[in-house]
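**Student:** A single structure is presented below for examination.
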Amino acid sequence: MVNNIFRFNNYFYSMLNNFVRVRFAPSPTGPLHLGGVRTALYNYLFAKKHGGTFILRIEDTDQKRFIPNSESYIIETLKWCKIEPDEGVGYGGDYFPYYQSKRHNIYHYYIDKLLKNGDAYYAFDTDSDLNKKRKEYNDRGLTFSYNYQNRMSLKNSLNMTEKELYDQLKHSSYVVRFKVKPGEKFNIYDLIHGNIIVNTDYLDDKILLKSDGIATYHLANTIDDHLMKITHVLRGEEWLSSMSFHILLYKSFGWIPPNFAHLPLILRKDGKGKISKRNVDNKISDFPIFPIQWKVPNTKTIIPGYRELGYFPEAFVNMLAFLGWNPGTKNEIFSLQELINSFSLEKVTKSSAYFDIKKANWFNKKYLNKNKEKIFLALLKELNKRSLKYKKNFIWKIIDMIIDRINFIHEIWEHSFYFFISPSYYDINFFKKICNEKSLLQLERLKILLTNISPFTYKNLKYFFFKKQETNKNKYEVMQLLRFSLVGILKGIDVFIIIEILGKKESKQRIDNLISKIKEKIRTFFLKKEHKNIDLH
RNA sequence: GGCCCAUUCGUCUAUUGGUUAGGACGUCAGGUUUUCAUCCUGGAAAGAGGGGUUCGAUUCCCCUAUGGGCUACCA
């Protein structure tokens with residue numbers, strides 16, 4: 001018989017009372033990655049959607065894996081994304097402390113309860129004891145599991161007299177394990193995955209309290225979620241397997257479990273598992289996985305994040321939201337407020353996703369127009385760097401002409417420099433092609449043509465080039481030469497706009513520059529040739 | 001190996017028994033731009049496979065395959 005009791009928990013109750021409390025609970029073991037930020041985002045969106053509270057809790061139960069600066073990294077990331085917590089580490093609240101490392105006495109209080117009611121027991125097996133067992137099982141093609149089948153033959157309080165137990169507790173270190181009752185089948189309900197049938201025969205007796213006296217994630221997490229009145233647990237799918245065990249814990253304490261929603265994972269493109277913060281070190285990932293830059297401790301290495309790479313936080317958040325969730329509309333550009341308004345757990349996908357950096361870039365481009373002020377500042381910075389002074393209006397005019405050609409702010413200079421400075425570099429392939437007398441002649445003619453054009457306006461320039469010069473069969477070539485001398489590459493906006501903006505004098509000067517460059521090249525070429533001839537003799 | 005989850009164009013996804021299976025990114029072609037990009041128009045592109053249930057399955061069930069998670073005194 002399947003027990004259906006956990007399907008109807010406090011979900012409807014909490015929704016009806018507009019009382020939603022969710023938590024984002026990372027461990028300080030390094031920087032957050034894409035998946036972590038998305039989990040935080042969904043928690044935030046869900047909380048805001050229901051007028052609830054978004055809590056930040058630091059799960060620092062593993063001292064060995066602690067990495068300094070993780071916490072500040074997490075908070076800075078949430079700030080950058082504009083999804084700040086209402087409560088928790090760095091934000092205060094009535095359910096403090098929000099560090100699990102500061103809640104030892106709480107966990108001990110509750111573990112005693114479990115010990116007393118027989119749902120937990122002491123275990124004294126050492127690492128080497130267990131490793132030996134694992135090897136034994138492995139040699140027989142089996143997997144060792146500390147469970148109901150063999151717990152009675154292991155070193156624990158279940159098969160000790162009171163005196164033996166007393167002596168052991170006095171003299172050796174111990175862990176506390178949860179005692180799973182075998183032979184039970186029940187239903188657990190996940191808001192995204194639906195009903196899942198659990199058979200306790202497959203569960204193992206998980207450790208609740210480590211030998212250093214610190215609670216494991218499982219215990220701490222369960223107690224904290226209850227005590228902090230968390231209504232919905234939104235976390236990564238890697239926790240789905242532990243959910244049944246967590247439900248059992250709630251049951252043991254006599255508590256109503258919160259609602260669970262296990263979010264799909266973000267997978268690596270190479271099909272080798274979920275993304276992890278370690279991917280960056282191994283250079284496995286083909287896309288950046290950190291939201292903001294991470295300074296690797298004890299080294300000088302700095303790994304740039306999306307912020308440093310030029311992504312707007314709004315674009316980053318928009319893109320992340322759509323990776324595993326979809327409102328079903330055709331439009332995909334959503335502000336944070338729009339995301340909040342349309343967010344729902346029912347629309348979260350069940351399956352894992354592969355990340356596509358090209359789509360991320362497209363999202364960023366879509367946010368360029370909303371960040372024009374920042375583009376202006378970036379361009380101004382480039383000009384200041386070169387001690388160039390231009391009127392505001394002029395700079396804005398250039399930005400308006402260039403904005404469609406870029407994806408990121410930092411691309412503005414390479415697409416607009418030619419309005420401010422003469423090209424310092426010529427595209428080598430095209431330059432090679434035009435290193436000849438014919439081009440020189442054409443360039444000289446161009447100069448004369450420009451000299452004669454008056455007034456020097458876009459309209460007039462176009463007229464002279466196309467109408468008056470219609471006998472010229474090499475129009476295309478001439479245009480290329482003109483653009484090349486002005487820009488240095490065969491790219492950029494309408495060449496007549498460029499000339500008009502540059503003016504007659506500057507345009508002619510740039511043609512002259514190219515002429516002398518070509519002459520120089522031809523000269524050195526012949527010199528080399530002569531040397532070769534001499535060498536031959 | 002065991003347990004669990006998933007499976008629609010290359011990628012993100014829509015569709016909750018009846019659709020010419022829709023959109024977005026990317027890609028390709030054409031147009032505009034005498035360049036390049038933008039932009040516009042159009043094209044190619046998907047229900048993992050096999051069984052059921054049904055008048056009818058992408059949708060429900062089972063099996064297989066594939067991918068993923070968990071299987072730690074890590075979270």
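In the structure tokens, the first chain shown is A, the next is B, and so on; residue numbers restart at 1 for each chain, and ligands run from 1 in the order shown.
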Pull out every residue of chain A sitting within 6 Å of chain B, counting only C-alpha atoms (C1' of nucleotides), and send them as a list of chain:residue names.
**Tutor:**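 Applying the cut-off to the listed atoms yields A:Lys210, A:Ser211, A:Glu238, A:Ser241, A:Gly328, A:Lys330, A:Ser351, A:Lys359, A:Asp404, A:Arg405, A:Leu490, A:Lys491, A:Gly492.
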**Student:** Can you tell me, as a ChimeraX atom specification, which residues in region 321-369 of chain A count as alpha helix (DSSP H) by DSSP?
**Tutor:** /A:321,336-342,357-366
**Student:** Skipping near chain neighbours, those fewer than 5 positions away, what residues fall within 12 Å of Tyr148 (chain A) using only C-alpha atoms (C1' of nucleotides), listed as a list in words?
**Tutor:**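 Those residues are Ser153, Leu154, Leu158, Arg177, Phe178, Lys179, Val180, Lys181, Pro182, Gly183, Thr200, Asp201, Tyr202, Leu203, Asp204, Asp205 and Lys206 of chain A.
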**Student:** I'd like the contact shell of Ile74 (chain A) - 10 Å cut-off, only C-alpha atoms (C1' of nucleotides), skipping same-chain residues fewer than 5 positions apart - returned as a ChimeraX atom specification.
**Tutor:** /A:26-28,30-33,36-37,56,58,69,79-80,291-292
**Student:** Could you save the residues just selected, with N, CA and C atoms, as a CSV table (one decimal), in the first residue's frame?
**Tutor:**
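The resulting out33.csv:
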```csv
chain,number,residue,atom,x,y,z
A,26,PRO,N,23.3,28.3,0.1
A,26,PRO,CA,24.6,27.8,-0.4
A,26,PRO,C,25.6,27.4,0.7
A,27,SER,N,26.6,26.6,0.3
A,27,SER,CA,27.6,26.4,1.3
A,27,SER,C,28.8,27.2,0.8
A,28,PRO,N,29.6,27.7,1.8
A,28,PRO,CA,30.7,28.6,1.4
A,28,PRO,C,31.9,27.8,1.0
A,30,GLY,N,33.3,28.0,-2.1
A,30,GLY,CA,33.8,28.6,-3.3
A,30,GLY,C,32.8,29.5,-4.0
A,31,PRO,N,33.0,29.9,-5.2
A,31,PRO,CA,32.1,30.8,-5.9
A,31,PRO,C,30.8,30.1,-6.3
A,32,LEU,N,29.8,30.9,-6.5
A,32,LEU,CA,28.5,30.4,-7.0
A,32,LEU,C,28.7,30.2,-8.5
A,33,HIS,N,28.1,29.2,-9.0
A,33,HIS,CA,28.1,29.1,-10.5
A,33,HIS,C,26.7,29.4,-11.0
A,36,GLY,N,23.7,27.7,-9.5
A,36,GLY,CA,23.5,28.3,-8.1
A,36,GLY,C,22.7,29.6,-8.2
A,37,VAL,N,23.2,30.4,-9.1
A,37,VAL,CA,22.5,31.7,-9.3
A,37,VAL,C,21.1,31.5,-9.7
A,56,LEU,N,18.5,34.2,3.0
A,56,LEU,CA,19.8,33.6,2.7
A,56,LEU,C,20.4,33.0,3.9
A,58,ILE,N,23.6,30.4,5.3
A,58,ILE,CA,24.9,29.8,4.9
A,58,ILE,C,25.0,28.5,5.5
A,69,ASN,N,36.1,34.0,1.5
A,69,ASN,CA,35.5,34.9,0.6
A,69,ASN,C,34.3,34.4,-0.2
A,79,LYS,N,23.6,40.9,-5.2
A,79,LYS,CA,23.4,42.3,-5.3
A,79,LYS,C,23.5,42.7,-6.8
A,80,TRP,N,24.5,42.2,-7.4
A,80,TRP,CA,24.7,42.5,-8.9
A,80,TRP,C,23.5,42.1,-9.7
A,291,PRO,N,29.1,34.1,-12.2
A,291,PRO,CA,28.4,35.4,-12.4
A,291,PRO,C,29.4,36.6,-12.4
A,292,ILE,N,30.2,36.6,-11.4
A,292,ILE,CA,31.2,37.7,-11.3
A,292,ILE,C,32.6,37.1,-11.1
```
**Student:** Between CA of Phe287 (chain A) and CA of Phe408 (chain A), measure the distance and give it in Å to one decimal.
**Tutor:**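 CA of Phe287 (chain A) sits 16.2 Å away from CA of Phe408 (chain A).
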**Student:** Between CA of His410 (chain A) and CA of Ala378 (chain A), what is the distance, to one decimal in Å?
**Tutor:**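 Straight-line distance from CA of His410 (chain A) to CA of Ala378 (chain A) works out to 7.1 Å.
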**Student:** Name the residues in contact with Phe96 (chain A) at a cut-off of 12 Å, using only C-alpha atoms (C1' of nucleotides), excluding same-chain residues fewer than 3 positions from it; report them as JSON, numbers by chain.
**Tutor:** {"A": [55, 56, 57, 58, 87, 88, 89, 90, 91, 92, 93, 99, 100, 101, 102, 103, 106, 224, 227, 228]}
**Student:** Store the residues picked out above, limited to N, CA and C atoms, as a CSV table (one decimal), in the first residue's frame.
**Tutor:**
```csv
chain,number,residue,atom,x,y,z
A,55,ILE,N,15.1,34.2,1.9
A,55,ILE,CA,16.1,34.2,3.0
A,55,ILE,C,17.4,33.6,2.5
A,56,LEU,N,18.5,34.2,3.0
A,56,LEU,CA,19.8,33.6,2.7
A,56,LEU,C,20.4,33.0,3.9
A,57,ARG,N,20.7,31.7,3.8
A,57,ARG,CA,21.3,30.9,4.9
A,57,ARG,C,22.6,30.3,4.4
A,58,ILE,N,23.6,30.4,5.3
A,58,ILE,CA,24.9,29.8,4.9
A,58,ILE,C,25.0,28.5,5.5
A,87,GLU,N,16.0,38.6,4.2
A,87,GLU,CA,16.3,38.1,5.6
A,87,GLU,C,17.5,37.1,5.5
A,88,GLY,N,18.3,37.0,6.6
A,88,GLY,CA,19.4,36.1,6.6
A,88,GLY,C,20.7,36.7,6.7
A,89,VAL,N,21.8,36.0,6.3
A,89,VAL,CA,23.1,36.4,6.5
A,89,VAL,C,23.3,37.8,5.8
A,90,GLY,N,23.7,38.8,6.5
A,90,GLY,CA,23.9,40.1,6.0
A,90,GLY,C,22.6,41.0,5.9
A,91,TYR,N,21.5,40.3,6.3
A,91,TYR,CA,20.2,41.1,6.2
A,91,TYR,C,19.4,41.0,7.5
A,92,GLY,N,19.9,40.3,8.4
A,92,GLY,CA,19.2,40.2,9.7
A,92,GLY,C,17.9,39.4,9.6
A,93,GLY,N,17.1,39.4,10.8
A,93,GLY,CA,15.9,38.6,10.8
A,93,GLY,C,15.7,38.0,12.1
A,99,TYR,N,23.8,31.2,10.2
A,99,TYR,CA,24.9,30.3,9.9
A,99,TYR,C,24.7,29.0,10.6
A,100,GLN,N,24.8,27.9,9.9
A,100,GLN,CA,24.6,26.6,10.5
A,100,GLN,C,25.7,26.3,11.5
A,101,SER,N,26.9,26.9,11.3
A,101,SER,CA,28.0,26.7,12.2
A,101,SER,C,27.7,27.3,13.6
A,102,LYS,N,26.7,28.2,13.7
A,102,LYS,CA,26.4,28.8,14.9
A,102,LYS,C,25.1,28.2,15.6
A,103,ARG,N,24.7,27.1,15.1
A,103,ARG,CA,23.5,26.5,15.6
A,103,ARG,C,23.7,25.1,16.2
A,106,ILE,N,21.3,23.8,18.9
A,106,ILE,CA,20.0,23.5,18.4
A,106,ILE,C,20.0,22.0,17.8
A,224,ASP,N,16.6,23.5,10.3
A,224,ASP,CA,16.5,24.9,10.0
A,224,ASP,C,15.3,25.3,9.2
A,227,LEU,N,12.5,25.3,11.6
A,227,LEU,CA,12.5,26.3,12.6
A,227,LEU,C,12.4,27.7,12.0
A,228,MET,N,12.8,27.8,10.7
A,228,MET,CA,12.8,29.1,10.1
A,228,MET,C,11.5,29.3,9.3
```
**Student:** Please compute the CA of Thr451 (chain A)-CA of His415 (chain A) distance, one decimal, in Å.
**Tutor:**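 Rounded to one decimal, the two atoms are 27.4 Å apart.
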**Student:** With distances taken over only C-alpha atoms, which residue among A:Leu379, A:Asp127, A:Asn318, A:Leu267 lies nearest Ala353 (chain A)?
**Tutor:**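 So, comparing all the options, the nearest one is A:Leu267.
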**Student:** Closest to Ile399 (chain A) among A:Val296, A:Ile448, A:Leu169, A:Ile412, using only C-alpha atoms?
**Tutor:**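 Smallest distance to Ile399 (chain A) is found for A:Ile412.
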**Student:** Could you give me, as a list in words, each residue of region 298-497 of chain A that DSSP assigns to strand (DSSP E or B) when run on this structure's backbone?
**Tutor:**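 After running DSSP on the backbone, region 298-497 of chain A has strand (DSSP E or B) at Ile302, Ile303, Trp325, Val348, Ala353 and Tyr354 of chain A.
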**Student:** Given the choices B:G49, B:U64, B:U54, B:C9, which gets closest to U27 (chain B) if the distance is worked out from only C-alpha atoms (C1' of nucleotides)?
**Tutor:** B:C9
**Student:** So that I can see what lies close to G30 (chain B), please list as number ranges by chain the residues with an atom at most 12 Å from it, counting only C-alpha atoms (C1' of nucleotides) and leaving out residues fewer than 3 positions away in the same chain.
**Tutor:** B: 40-43
**Student:** What's around G56 (chain B) at 12 Å? Count only C-alpha atoms (C1' of nucleotides), leave out sequence neighbours fewer than 3 positions away in its own chain, and write the answer as a PDB file with all heavy atoms, in the first residue's frame.
**Tutor:**
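Written output follows (selection00.pdb):
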```pdb
ATOM      1  P     G B  17      -5.132  16.325 -22.533  1.00  0.00           P
ATOM      2  OP1   G B  17      -6.138  17.367 -22.629  1.00  0.00           O
ATOM      3  OP2   G B  17      -5.064  15.482 -21.354  1.00  0.00           O
ATOM      4  O5'   G B  17      -5.222  15.388 -23.827  1.00  0.00           O
ATOM      5  C5'   G B  17      -4.063  15.250 -24.653  1.00  0.00           C
ATOM      6  C4'   G B  17      -4.537  14.780 -26.011  1.00  0.00           C
ATOM      7  O4'   G B  17      -4.486  13.352 -25.951  1.00  0.00           O
ATOM      8  C3'   G B  17      -5.978  15.191 -26.276  1.00  0.00           C
ATOM      9  O3'   G B  17      -6.204  16.268 -27.159  1.00  0.00           O
ATOM     10  C2'   G B  17      -6.717  13.866 -26.605  1.00  0.00           C
ATOM     11  O2'   G B  17      -7.352  13.884 -27.853  1.00  0.00           O
ATOM     12  C1'   G B  17      -5.604  12.826 -26.617  1.00  0.00           C
ATOM     13  N9    G B  17      -6.031  11.598 -25.975  1.00  0.00           N
ATOM     14  C8    G B  17      -6.635  11.403 -24.765  1.00  0.00           C
ATOM     15  N7    G B  17      -6.919  10.151 -24.516  1.00  0.00           N
ATOM     16  C5    G B  17      -6.476   9.472 -25.647  1.00  0.00           C
ATOM     17  C6    G B  17      -6.537   8.107 -25.960  1.00  0.00           C
ATOM     18  O6    G B  17      -6.978   7.178 -25.304  1.00  0.00           O
ATOM     19  N1    G B  17      -5.963   7.847 -27.215  1.00  0.00           N
ATOM     20  C2    G B  17      -5.439   8.802 -28.042  1.00  0.00           C
ATOM     21  N2    G B  17      -4.955   8.380 -29.187  1.00  0.00           N
ATOM     22  N3    G B  17      -5.387  10.082 -27.757  1.00  0.00           N
ATOM     23  C4    G B  17      -5.923  10.354 -26.551  1.00  0.00           C
ATOM     24  P     G B  18      -5.516  16.785 -28.459  1.00  0.00           P
ATOM     25  OP1   G B  18      -4.055  16.773 -28.322  1.00  0.00           O
ATOM     26  OP2   G B  18      -6.205  18.061 -28.739  1.00  0.00           O
ATOM     27  O5'   G B  18      -5.881  15.798 -29.643  1.00  0.00           O
ATOM     28  C5'   G B  18      -4.855  15.242 -30.498  1.00  0.00           C
ATOM     29  C4'   G B  18      -5.225  15.415 -31.980  1.00  0.00           C
ATOM     30  O4'   G B  18      -6.393  14.628 -32.263  1.00  0.00           O
ATOM     31  C3'   G B  18      -5.551  16.847 -32.373  1.00  0.00           C
ATOM     32  O3'   G B  18      -4.730  17.324 -33.441  1.00  0.00           O
ATOM     33  C2'   G B  18      -7.093  16.891 -32.525  1.00  0.00           C
ATOM     34  O2'   G B  18      -7.488  17.575 -33.702  1.00  0.00           O
ATOM     35  C1'   G B  18      -7.497  15.431 -32.608  1.00  0.00           C
ATOM     36  N9    G B  18      -8.601  15.062 -31.697  1.00  0.00           N
ATOM     37  C8    G B  18      -9.154  15.760 -30.671  1.00  0.00           C
ATOM     38  N7    G B  18     -10.102  15.116 -30.053  1.00  0.00           N
ATOM     39  C5    G B  18     -10.196  13.904 -30.727  1.00  0.00           C
ATOM     40  C6    G B  18     -11.038  12.786 -30.524  1.00  0.00           C
ATOM     41  O6    G B  18     -11.895  12.620 -29.664  1.00  0.00           O
ATOM     42  N1    G B  18     -10.800  11.766 -31.442  1.00  0.00           N
ATOM     43  C2    G B  18      -9.865  11.838 -32.413  1.00  0.00           C
ATOM     44  N2    G B  18      -9.781  10.769 -33.199  1.00  0.00           N
ATOM     45  N3    G B  18      -9.055  12.869 -32.614  1.00  0.00           N
ATOM     46  C4    G B  18      -9.279  13.864 -31.748  1.00  0.00           C
ATOM     47  P     U B  53      -4.350  -2.836 -26.970  1.00  0.00           P
ATOM     48  OP1   U B  53      -5.220  -4.016 -26.791  1.00  0.00           O
ATOM     49  OP2   U B  53      -4.078  -2.295 -28.329  1.00  0.00           O
ATOM     50  O5'   U B  53      -4.927  -1.661 -26.060  1.00  0.00           O
ATOM     51  C5'   U B  53      -5.048  -1.836 -24.639  1.00  0.00           C
ATOM     52  C4'   U B  53      -5.424  -0.529 -23.994  1.00  0.00           C
ATOM     53  O4'   U B  53      -4.252   0.329 -23.906  1.00  0.00           O
ATOM     54  C3'   U B  53      -6.423   0.297 -24.785  1.00  0.00           C
ATOM     55  O3'   U B  53      -7.749  -0.149 -24.550  1.00  0.00           O
ATOM     56  C2'   U B  53      -6.160   1.697 -24.219  1.00  0.00           C
ATOM     57  O2'   U B  53      -6.745   1.884 -22.956  1.00  0.00           O
ATOM     58  C1'   U B  53      -4.632   1.683 -24.083  1.00  0.00           C
ATOM     59  N1    U B  53      -3.945   2.202 -25.276  1.00  0.00           N
ATOM     60  C2    U B  53      -3.856   3.576 -25.423  1.00  0.00           C
ATOM     61  O2    U B  53      -4.318   4.359 -24.613  1.00  0.00           O
ATOM     62  N3    U B  53      -3.207   4.005 -26.561  1.00  0.00           N
ATOM     63  C4    U B  53      -2.648   3.223 -27.543  1.00  0.00           C
ATOM     64  O4    U B  53      -2.099   3.749 -28.501  1.00  0.00           O
ATOM     65  C5    U B  53      -2.789   1.808 -27.325  1.00  0.00           C
ATOM     66  C6    U B  53      -3.414   1.359 -26.227  1.00  0.00           C
TER      67        U B  53
END
```
